[in-house]
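Student: Handing you this structure, nothing more for now.
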Amino acid sequence: MKMSIGKRIGIIASIILSVFWLFPYIYTICCAFKPGSEVVAVPPAFFPKTFSVENFSGLFERMDVWKYLFNSLSTSLISTIIALVLGSLAAYAIQRSGAKLSILLVVLVLCLKMIPTSSISVPIYGLICDLGLYDTKIALIIVYAAVNMPFVMWTMLSFYEGIPSTLDEAAYIDGASSFQTFRKVILPICAPGLATAFIFTLFLAWNDFLLSLLLTSMNAKTFTVGLAGFLSAYNLDLGPMCAGAFVFSFPVMVLTLVAQRYIVRGMTSGAVKG
Amino acid sequence: MKLISRKTLLLFFLPGAVFMGAFLIYPIIIMLRDSFYDIGITGDRTFIGLANYARAFTAGGFLKQLRNTLVYIALAVVVETVAGLIFALFFELNYRGSKIVRSIMMTPLMIAPLVAGLIWKLMMSSSFGIVNELLTRVGILSSSSDILWLADTKWSLIACCIADIWLTTPYMMLMILAGLQGLDSGMLEAARIDGANMLQQILLIKIPNIKPVLLTALSVRIIDAARTFDIIWAMTEGGPSSSSETLSIVIYKTLTRYNQVGYASAMAVVFIAVLVIFTLVFMQSLWNPKKKLS
């Protein structure tokens, strides 16, 4: 079948659009592989004239890359696991209780999910200082887990809802305890839901900037805060910054491609089913 | 038959609830209390009633930031929705390789907002920024220093919006695409047979039928745009002369730079209250909790 002209125009347009949209990112990658002086050359050029890894060595010289990456990774992983375990259990209880109170709780979860991190920065800063946890990884782990838990619960609520309670019933009749029912029957069915919640929460914590800026200074600093340091008023190291942006975002982009199915589901869940 | 005993449910519920209570709800309550106090740098506190709130709503308070936030939301969300819709209509086409193009388009989806802000700050630099260089070459600008994106009070907020639009249009596209793919193909077939042209199909069939998805995506985006911090912080830190300062930024600054805990708390309380009310009103019209739980 011959393609209609309209369709052909559509295809070309969609390809042009995606290239156009990726331009800033491609430009950053190009800048990362330019020599430092070329990044701030006037007028700027798109492609590197000479290929160089000078910016990467500059990045490693000026910033404790491994430490910051490790801080980012460890805090986001551990907080995600905490949020996932506690959140999925609590959401199950809310969904299955069927009490009038549970509607209220669902609304509360939704409201907590909407709260801007910047606005609760005020009391959280006080709380963490009172606990003596300022500039520790534990502080970040606790706060990430707490802030992201409503998101986990919200995602899981919509998944549990799709599982008929007759399934719980069958397991119960077969002699399983409540916890066994949850672990052996419900959780395996919810595996895609858990995967979705996991990857989203992980990204939210990994990408966080504000909380780390607020709660850390030296020891527990994460990569995002270190990266922003390249752009302060007295320090304009754009070459290493591009290299850092590349190092930080490349794993994210790869993971986005690999786990695309779960990401799409996470973003559209609830919206399409309505 | 009550399947799971109340006790077990409580056991499931409590750990998460206690954790969230201690580290999320308790701080919010503390904030609510603090908003009625004047708290000095040394921690001495005097009860001043609603004075913090009154201060926020008078000249020199947060009215300018409120306006900036609203402008930011309106500009970013409108452009994102329109662009997302156009993208989704293009990307809806199926052809060999369409999945790959779609995946590529999705890669920036999860990039940290901070990184997006930094990238755009680099690109919008007045001297070595590629944006002005390209605009000059195309002939829109006569010289690359015609628009000082980040240093001009007229442009700084718009510059931040552009970075936001770049980062989140793929999200809009994804949501709308999911809606479009869920449409009944028979309906479109019928419209086609009745002689509806491409534009009529889009305006009269596709858009009205994805309205629920569109509204949900809009509400999520409006709230996210209101909460934006990283992008603006990376690009301008709210400057120059607070021309790109939004509520998120001013609350953070009041806390960390001016150390006015009480006043920052009052602004945060107002901010949260507005967002929660917006969420509830918006969700009420879309979503019925009773139906969802039954």
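We label chains A, B, ... in the order they appear in the structure tokens, count residues from 1 in each chain, and number ligands from 1 in the order shown.
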Extract, using only C-alpha atoms, all DNA, RNA and protein residues at most 8 Å from Met153 of chain A, discarding same-chain residues fewer than 3 positions from it, and format them as JSON, numbers by chain.

Tutor: {"A": [87, 88, 90, 91, 109, 149, 150, 156, 157]}

Student: Which residues are close to Leu194 of chain A, i.e. within 12 Å by only C-alpha atoms, leaving aside same-chain residues fewer than 3 positions away? Reply as an MDAnalysis selection string.

Tutor: chainID A and resid 80:81 83:85 87:89 91 151:160 186:191 197:202 262:263 265:266

Student: Excluding Leu180 of chain B and its own-chain neighbours fewer than 2 positions away, which residues fall within 12 Å of it when counting only C-alpha atoms? Please give them as a VMD selection string.

Tutor: (chain A and resid 272) or (chain B and resid 85 to 93 173 to 178 182 to 185 188 201 to 202 205 to 214)

Student: Contacts of Thr224 of chain A at 12 Å or less, counting only C-alpha atoms, minus same-chain residues fewer than 3 places along, as a compact mmCIF listing (two decimals) with C-alpha atoms, in the first residue's frame?

Tutor:
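As written to disk, selection_14.txt reads:
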```
# COMPACT_ATOMS: atom_id res chain seq x y z
CA MET A 63 35.06 17.59 42.34
CA VAL A 65 33.01 12.70 41.61
CA TYR A 68 29.18 12.45 45.27
CA LEU A 69 27.95 9.78 42.88
CA PHE A 70 28.09 7.23 45.68
CA ASN A 71 26.15 9.60 47.96
CA SER A 72 23.50 10.12 45.30
CA LEU A 73 23.21 6.44 44.55
CA ALA A 205 15.58 10.91 44.74
CA TRP A 206 18.49 10.73 42.29
CA ASN A 207 17.43 13.96 40.62
CA ASP A 208 16.73 15.81 43.83
CA PHE A 209 18.57 19.06 44.29
CA LEU A 210 16.68 21.17 46.80
CA LEU A 211 16.76 18.81 49.79
CA SER A 212 20.40 17.98 49.33
CA LEU A 213 21.22 21.67 48.99
CA THR A 216 24.09 18.76 53.39
CA ALA A 220 26.72 13.88 52.38
CA LYS A 221 26.62 16.27 49.40
CA LEU A 227 27.32 20.08 39.81
CA ALA A 228 25.57 23.33 40.64
CA GLY A 229 28.79 24.46 42.33
CA PHE A 230 30.38 24.82 38.89
CA LEU A 231 28.04 27.66 38.09
CA MET A 241 29.97 21.18 34.18
CA GLY A 244 29.37 16.34 34.85
CA ALA A 245 25.89 16.77 33.37
CA PHE A 246 26.76 14.03 30.89
CA VAL A 247 28.12 11.64 33.54
CA PHE A 248 25.09 12.23 35.74
CA SER A 249 22.39 11.99 33.08
CA ILE B 111 16.71 14.20 33.21
CA ALA B 112 17.13 16.10 36.47
CA PRO B 113 15.45 19.53 36.35
CA LEU B 114 18.68 20.92 37.73
CA VAL B 115 20.64 19.57 34.76
CA ALA B 116 18.04 21.00 32.40
CA GLY B 117 18.46 24.37 34.07
CA LEU B 118 22.24 24.21 33.81
CA ASP B 230 15.59 23.48 40.57
CA ILE B 231 15.31 24.97 37.10
CA ALA B 234 20.04 26.80 38.42
```

Student: Report as a list in words all protein, DNA and RNA residues lying within 12 Å of segment 167-180 of chain A, evaluated on only C-alpha atoms, omitting residues in the same chain fewer than 3 positions from it.

Tutor: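 The filter keeps Leu89, Tyr92, Ala93, Arg96, Tyr160, Gly162, Ile163, Pro164, Arg183, Lys184, Val185, Ile186, Leu187, Pro188 and Ile189 of chain A; Met1, Lys2, Leu3, Ile4, Ser5, Arg6, Lys7, Thr8, Leu9, Leu10, Leu11 and Phe12 of chain B.
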
Student: With only C-alpha atoms as the basis for distance, which of B:Phe13, B:Phe271, B:Phe36, B:Tyr72 is at the shortest distance from chain A?

Tutor: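 Among the listed residues, the smallest separation from chain A belongs to B:Phe13.
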
Student: Go through B:Asp194, B:Ile272, B:Gln200, B:Asn259 one by one, measure the shortest atom-to-atom distance of each to Thr42 of chain B using only C-alpha atoms, and give the residue with the smallest value.

Tutor: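 For Thr42 of chain B, the nearest of the given residues is B:Asn259.
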
Student: Mind the document's chain letters and residue numbers, and return as JSON, numbers by chain the residues of segment 18-212 of chain B that DSSP labels alpha helix (DSSP H).

Tutor: {"B": [18, 19, 20, 26, 27, 28, 29, 30, 31, 32, 33, 34, 51, 52, 53, 54, 55, 56, 63, 64, 65, 66, 67, 68, 69, 70, 71, 72, 73, 74, 75, 76, 77, 78, 79, 80, 81, 82, 83, 84, 85, 86, 87, 88, 89, 90, 91, 98, 99, 100, 101, 102, 103, 104, 105, 106, 113, 114, 115, 116, 117, 118, 119, 120, 121, 122, 123, 130, 131, 132, 133, 134, 135, 136, 137, 138, 156, 157, 158, 159, 160, 161, 162, 163, 164, 165, 166, 167, 168, 169, 170, 171, 172, 173, 174, 175, 176, 177, 178, 179, 180, 181, 185, 186, 187, 188, 189, 190, 191, 192, 193, 198, 199, 200, 207, 208, 209, 211, 212]}

Student: Taking 5 positions as the minimum chain separation for residues in the same chain, which residues sit within 12 Å of Arg221 of chain B when counting only C-alpha atoms? Answer as a PDB file with N, CA, C and O atoms, in the first residue's frame.

Tutor:
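Contents of around.pdb, freshly written:
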```pdb
ATOM      1  N   MET A 114       1.009  16.308  46.697  1.00  0.00           N
ATOM      2  CA  MET A 114       1.024  17.585  45.980  1.00  0.00           C
ATOM      3  C   MET A 114       1.885  18.640  46.671  1.00  0.00           C
ATOM      4  O   MET A 114       2.119  19.698  46.130  1.00  0.00           O
ATOM      5  N   MET A 267       3.496   7.144  34.505  1.00  0.00           N
ATOM      6  CA  MET A 267       3.019   8.487  34.208  1.00  0.00           C
ATOM      7  C   MET A 267       1.552   8.497  33.844  1.00  0.00           C
ATOM      8  O   MET A 267       0.841   9.441  34.143  1.00  0.00           O
TER       9      MET A 267
ATOM     10  N   TYR B  72       4.443  32.091  35.272  1.00  0.00           N
ATOM     11  CA  TYR B  72       5.254  30.915  34.950  1.00  0.00           C
ATOM     12  C   TYR B  72       4.355  29.722  34.624  1.00  0.00           C
ATOM     13  O   TYR B  72       4.543  29.062  33.606  1.00  0.00           O
ATOM     14  N   ILE B  73       3.365  29.486  35.482  1.00  0.00           N
ATOM     15  CA  ILE B  73       2.465  28.352  35.269  1.00  0.00           C
ATOM     16  C   ILE B  73       1.737  28.514  33.941  1.00  0.00           C
ATOM     17  O   ILE B  73       1.720  27.610  33.106  1.00  0.00           O
ATOM     18  N   ALA B  74       1.151  29.697  33.747  1.00  0.00           N
ATOM     19  CA  ALA B  74       0.335  29.914  32.550  1.00  0.00           C
ATOM     20  C   ALA B  74       1.174  29.710  31.290  1.00  0.00           C
ATOM     21  O   ALA B  74       0.811  28.935  30.397  1.00  0.00           O
ATOM     22  N   LEU B  75       2.317  30.378  31.249  1.00  0.00           N
ATOM     23  CA  LEU B  75       3.154  30.314  30.054  1.00  0.00           C
ATOM     24  C   LEU B  75       3.639  28.897  29.790  1.00  0.00           C
ATOM     25  O   LEU B  75       3.468  28.343  28.687  1.00  0.00           O
ATOM     26  N   ALA B  76       4.221  28.281  30.817  1.00  0.00           N
ATOM     27  CA  ALA B  76       4.804  26.952  30.633  1.00  0.00           C
ATOM     28  C   ALA B  76       3.729  25.929  30.273  1.00  0.00           C
ATOM     29  O   ALA B  76       3.878  25.179  29.306  1.00  0.00           O
ATOM     30  N   VAL B  77       2.641  25.917  31.025  1.00  0.00           N
ATOM     31  CA  VAL B  77       1.656  24.855  30.830  1.00  0.00           C
ATOM     32  C   VAL B  77       0.925  25.002  29.497  1.00  0.00           C
ATOM     33  O   VAL B  77       0.697  24.018  28.791  1.00  0.00           O
ATOM     34  N   VAL B  78       0.595  26.248  29.112  1.00  0.00           N
ATOM     35  CA  VAL B  78      -0.111  26.430  27.838  1.00  0.00           C
ATOM     36  C   VAL B  78       0.776  25.963  26.675  1.00  0.00           C
ATOM     37  O   VAL B  78       0.348  25.180  25.818  1.00  0.00           O
ATOM     38  N   VAL B  79       2.033  26.401  26.665  1.00  0.00           N
ATOM     39  CA  VAL B  79       2.915  26.016  25.562  1.00  0.00           C
ATOM     40  C   VAL B  79       3.141  24.496  25.560  1.00  0.00           C
ATOM     41  O   VAL B  79       3.100  23.861  24.522  1.00  0.00           O
ATOM     42  N   GLU B  80       3.343  23.937  26.747  1.00  0.00           N
ATOM     43  CA  GLU B  80       3.576  22.493  26.836  1.00  0.00           C
ATOM     44  C   GLU B  80       2.392  21.699  26.320  1.00  0.00           C
ATOM     45  O   GLU B  80       2.561  20.688  25.637  1.00  0.00           O
ATOM     46  N   THR B  81       1.191  22.167  26.659  1.00  0.00           N
ATOM     47  CA  THR B  81       0.002  21.438  26.226  1.00  0.00           C
ATOM     48  C   THR B  81      -0.149  21.492  24.723  1.00  0.00           C
ATOM     49  O   THR B  81      -0.383  20.465  24.071  1.00  0.00           O
ATOM     50  N   GLY B  84       2.728  19.552  23.208  1.00  0.00           N
ATOM     51  CA  GLY B  84       2.532  18.127  23.487  1.00  0.00           C
ATOM     52  C   GLY B  84       1.463  17.533  22.598  1.00  0.00           C
ATOM     53  O   GLY B  84       1.599  16.412  22.099  1.00  0.00           O
ATOM     54  N   ASP B 164      11.801  24.835  31.221  1.00  0.00           N
ATOM     55  CA  ASP B 164      10.735  23.977  31.734  1.00  0.00           C
ATOM     56  C   ASP B 164       9.974  23.316  30.587  1.00  0.00           C
ATOM     57  O   ASP B 164       9.691  22.116  30.609  1.00  0.00           O
ATOM     58  N   ILE B 165       9.682  24.124  29.568  1.00  0.00           N
ATOM     59  CA  ILE B 165       8.941  23.606  28.419  1.00  0.00           C
ATOM     60  C   ILE B 165       9.736  22.492  27.735  1.00  0.00           C
ATOM     61  O   ILE B 165       9.203  21.442  27.382  1.00  0.00           O
ATOM     62  N   LEU B 167      11.897  20.538  29.081  1.00  0.00           N
ATOM     63  CA  LEU B 167      11.992  19.352  29.921  1.00  0.00           C
ATOM     64  C   LEU B 167      10.688  18.571  29.969  1.00  0.00           C
ATOM     65  O   LEU B 167      10.700  17.340  29.998  1.00  0.00           O
ATOM     66  N   THR B 168       9.548  19.253  29.966  1.00  0.00           N
ATOM     67  CA  THR B 168       8.317  18.529  30.275  1.00  0.00           C
ATOM     68  C   THR B 168       7.333  18.358  29.129  1.00  0.00           C
ATOM     69  O   THR B 168       6.336  17.671  29.297  1.00  0.00           O
ATOM     70  N   THR B 169       7.623  18.959  27.968  1.00  0.00           N
ATOM     71  CA  THR B 169       6.729  18.691  26.842  1.00  0.00           C
ATOM     72  C   THR B 169       6.651  17.193  26.512  1.00  0.00           C
ATOM     73  O   THR B 169       5.563  16.684  26.224  1.00  0.00           O
ATOM     74  N   PRO B 170       7.777  16.436  26.579  1.00  0.00           N
ATOM     75  CA  PRO B 170       7.662  14.993  26.337  1.00  0.00           C
ATOM     76  C   PRO B 170       6.673  14.304  27.272  1.00  0.00           C
ATOM     77  O   PRO B 170       5.983  13.379  26.866  1.00  0.00           O
ATOM     78  N   TYR B 171       6.565  14.792  28.504  1.00  0.00           N
ATOM     79  CA  TYR B 171       5.590  14.213  29.427  1.00  0.00           C
ATOM     80  C   TYR B 171       4.172  14.443  28.917  1.00  0.00           C
ATOM     81  O   TYR B 171       3.356  13.528  28.854  1.00  0.00           O
ATOM     82  N   MET B 172       3.905  15.699  28.512  1.00  0.00           N
ATOM     83  CA  MET B 172       2.588  16.026  27.968  1.00  0.00           C
ATOM     84  C   MET B 172       2.281  15.151  26.759  1.00  0.00           C
ATOM     85  O   MET B 172       1.192  14.612  26.613  1.00  0.00           O
ATOM     86  N   MET B 175       1.360  11.604  27.782  1.00  0.00           N
ATOM     87  CA  MET B 175       0.008  11.487  28.332  1.00  0.00           C
ATOM     88  C   MET B 175      -1.027  11.548  27.211  1.00  0.00           C
ATOM     89  O   MET B 175      -1.951  10.749  27.155  1.00  0.00           O
ATOM     90  N   LEU B 214      -6.444  14.737  29.173  1.00  0.00           N
ATOM     91  CA  LEU B 214      -5.903  16.085  29.025  1.00  0.00           C
ATOM     92  C   LEU B 214      -6.027  16.857  30.338  1.00  0.00           C
ATOM     93  O   LEU B 214      -5.086  17.517  30.779  1.00  0.00           O
ATOM     94  N   LEU B 215      -7.181  16.744  30.977  1.00  0.00           N
ATOM     95  CA  LEU B 215      -7.398  17.485  32.224  1.00  0.00           C
ATOM     96  C   LEU B 215      -6.500  16.971  33.344  1.00  0.00           C
ATOM     97  O   LEU B 215      -5.951  17.757  34.115  1.00  0.00           O
ATOM     98  N   THR B 216      -6.352  15.634  33.416  1.00  0.00           N
ATOM     99  CA  THR B 216      -5.466  15.091  34.448  1.00  0.00           C
ATOM    100  C   THR B 216      -4.046  15.573  34.227  1.00  0.00           C
ATOM    101  O   THR B 216      -3.379  16.044  35.161  1.00  0.00           O
ATOM    102  N   ALA B 226       3.976  24.949  39.491  1.00  0.00           N
ATOM    103  CA  ALA B 226       3.937  25.801  40.679  1.00  0.00           C
ATOM    104  C   ALA B 226       5.060  25.447  41.638  1.00  0.00           C
ATOM    105  O   ALA B 226       5.594  26.303  42.334  1.00  0.00           O
ATOM    106  N   ARG B 227       5.449  24.167  41.666  1.00  0.00           N
ATOM    107  CA  ARG B 227       6.461  23.730  42.622  1.00  0.00           C
ATOM    108  C   ARG B 227       7.889  23.927  42.119  1.00  0.00           C
ATOM    109  O   ARG B 227       8.833  23.724  42.869  1.00  0.00           O
ATOM    110  N   THR B 228       8.049  24.289  40.854  1.00  0.00           N
ATOM    111  CA  THR B 228       9.390  24.346  40.261  1.00  0.00           C
ATOM    112  C   THR B 228      10.377  25.102  41.126  1.00  0.00           C
ATOM    113  O   THR B 228      10.131  26.227  41.546  1.00  0.00           O
ATOM    114  N   THR B 279      -6.004  21.071  44.081  1.00  0.00           N
ATOM    115  CA  THR B 279      -6.023  19.635  43.812  1.00  0.00           C
ATOM    116  C   THR B 279      -7.394  19.044  44.093  1.00  0.00           C
ATOM    117  O   THR B 279      -7.945  18.305  43.273  1.00  0.00           O
TER     118      THR B 279
END
```

Student: Would you compute the distance between atom CA of Tyr144 of chain A and atom CA of Ile120 of chain A? Give it in Å to one decimal.

Tutor: 12.4 Å

Student: What's around Ile16 of chain A at 12 Å? Count only C-alpha atoms, leave out sequence neighbours fewer than 5 positions away in its own chain, and write the answer as an mmCIF file with C-alpha atoms, in the first residue's frame.

Tutor:
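File written: part.cif
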```cif
data_model
loop_
_atom_site.group_PDB
_atom_site.id
_atom_site.type_symbol
_atom_site.label_atom_id
_atom_site.label_comp_id
_atom_site.auth_asym_id
_atom_site.auth_seq_id
_atom_site.Cartn_x
_atom_site.Cartn_y
_atom_site.Cartn_z
ATOM 1 C CA ILE A 9 4.835 14.609 5.910
ATOM 2 C CA GLY A 10 3.867 13.474 9.393
ATOM 3 C CA ILE A 11 6.757 11.023 9.559
ATOM 4 C CA TRP A 21 14.007 18.617 20.783
ATOM 5 C CA LEU A 22 17.177 16.701 21.559
ATOM 6 C CA PHE A 23 19.337 19.591 20.371
ATOM 7 C CA PHE B 87 3.813 16.134 19.003
ATOM 8 C CA PHE B 90 2.618 13.357 14.809
ATOM 9 C CA PHE B 91 3.966 10.544 16.923
ATOM 10 C CA VAL B 101 11.782 7.708 17.290
ATOM 11 C CA MET B 105 11.924 11.541 22.142
#
```

Student: So, counting only C-alpha atoms, which residue among A:Val122, A:Ser14, A:Gly239, A:Leu110 is closest to Pro48 of chain A?

Tutor: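 Checking each candidate against Pro48 of chain A, we get A:Gly239 as the closest.
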
Student: Using only C-alpha atoms, can you tell me which of A:Ala32, A:Ile5, A:Ile124, A:Ile138 comes closest to Asp237 of chain A?

Tutor: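 Ranked by minimum distance to Asp237 of chain A, first place goes to A:Ala32.
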
Student: Under the rule that only C-alpha atoms are counted, which of B:Ser243, B:Thr236, B:Gln284, B:Thr107 is the nearest residue to chain A?

Tutor: B:Thr107

Student: When you count only C-alpha atoms, which of these residues is closest to chain A: B:Gly49, B:Gly238, B:Gly61, B:Gly97?

Tutor: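 Closest to chain A, using only C-alpha atoms: B:Gly97.
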
Student: What gap, in Å, lies between atom CA of Asp130 of chain A and atom CA of Asn148 of chain A?

Tutor: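 One can read the atom CA of Asp130 of chain A to atom CA of Asn148 of chain A distance as 21.9 Å.
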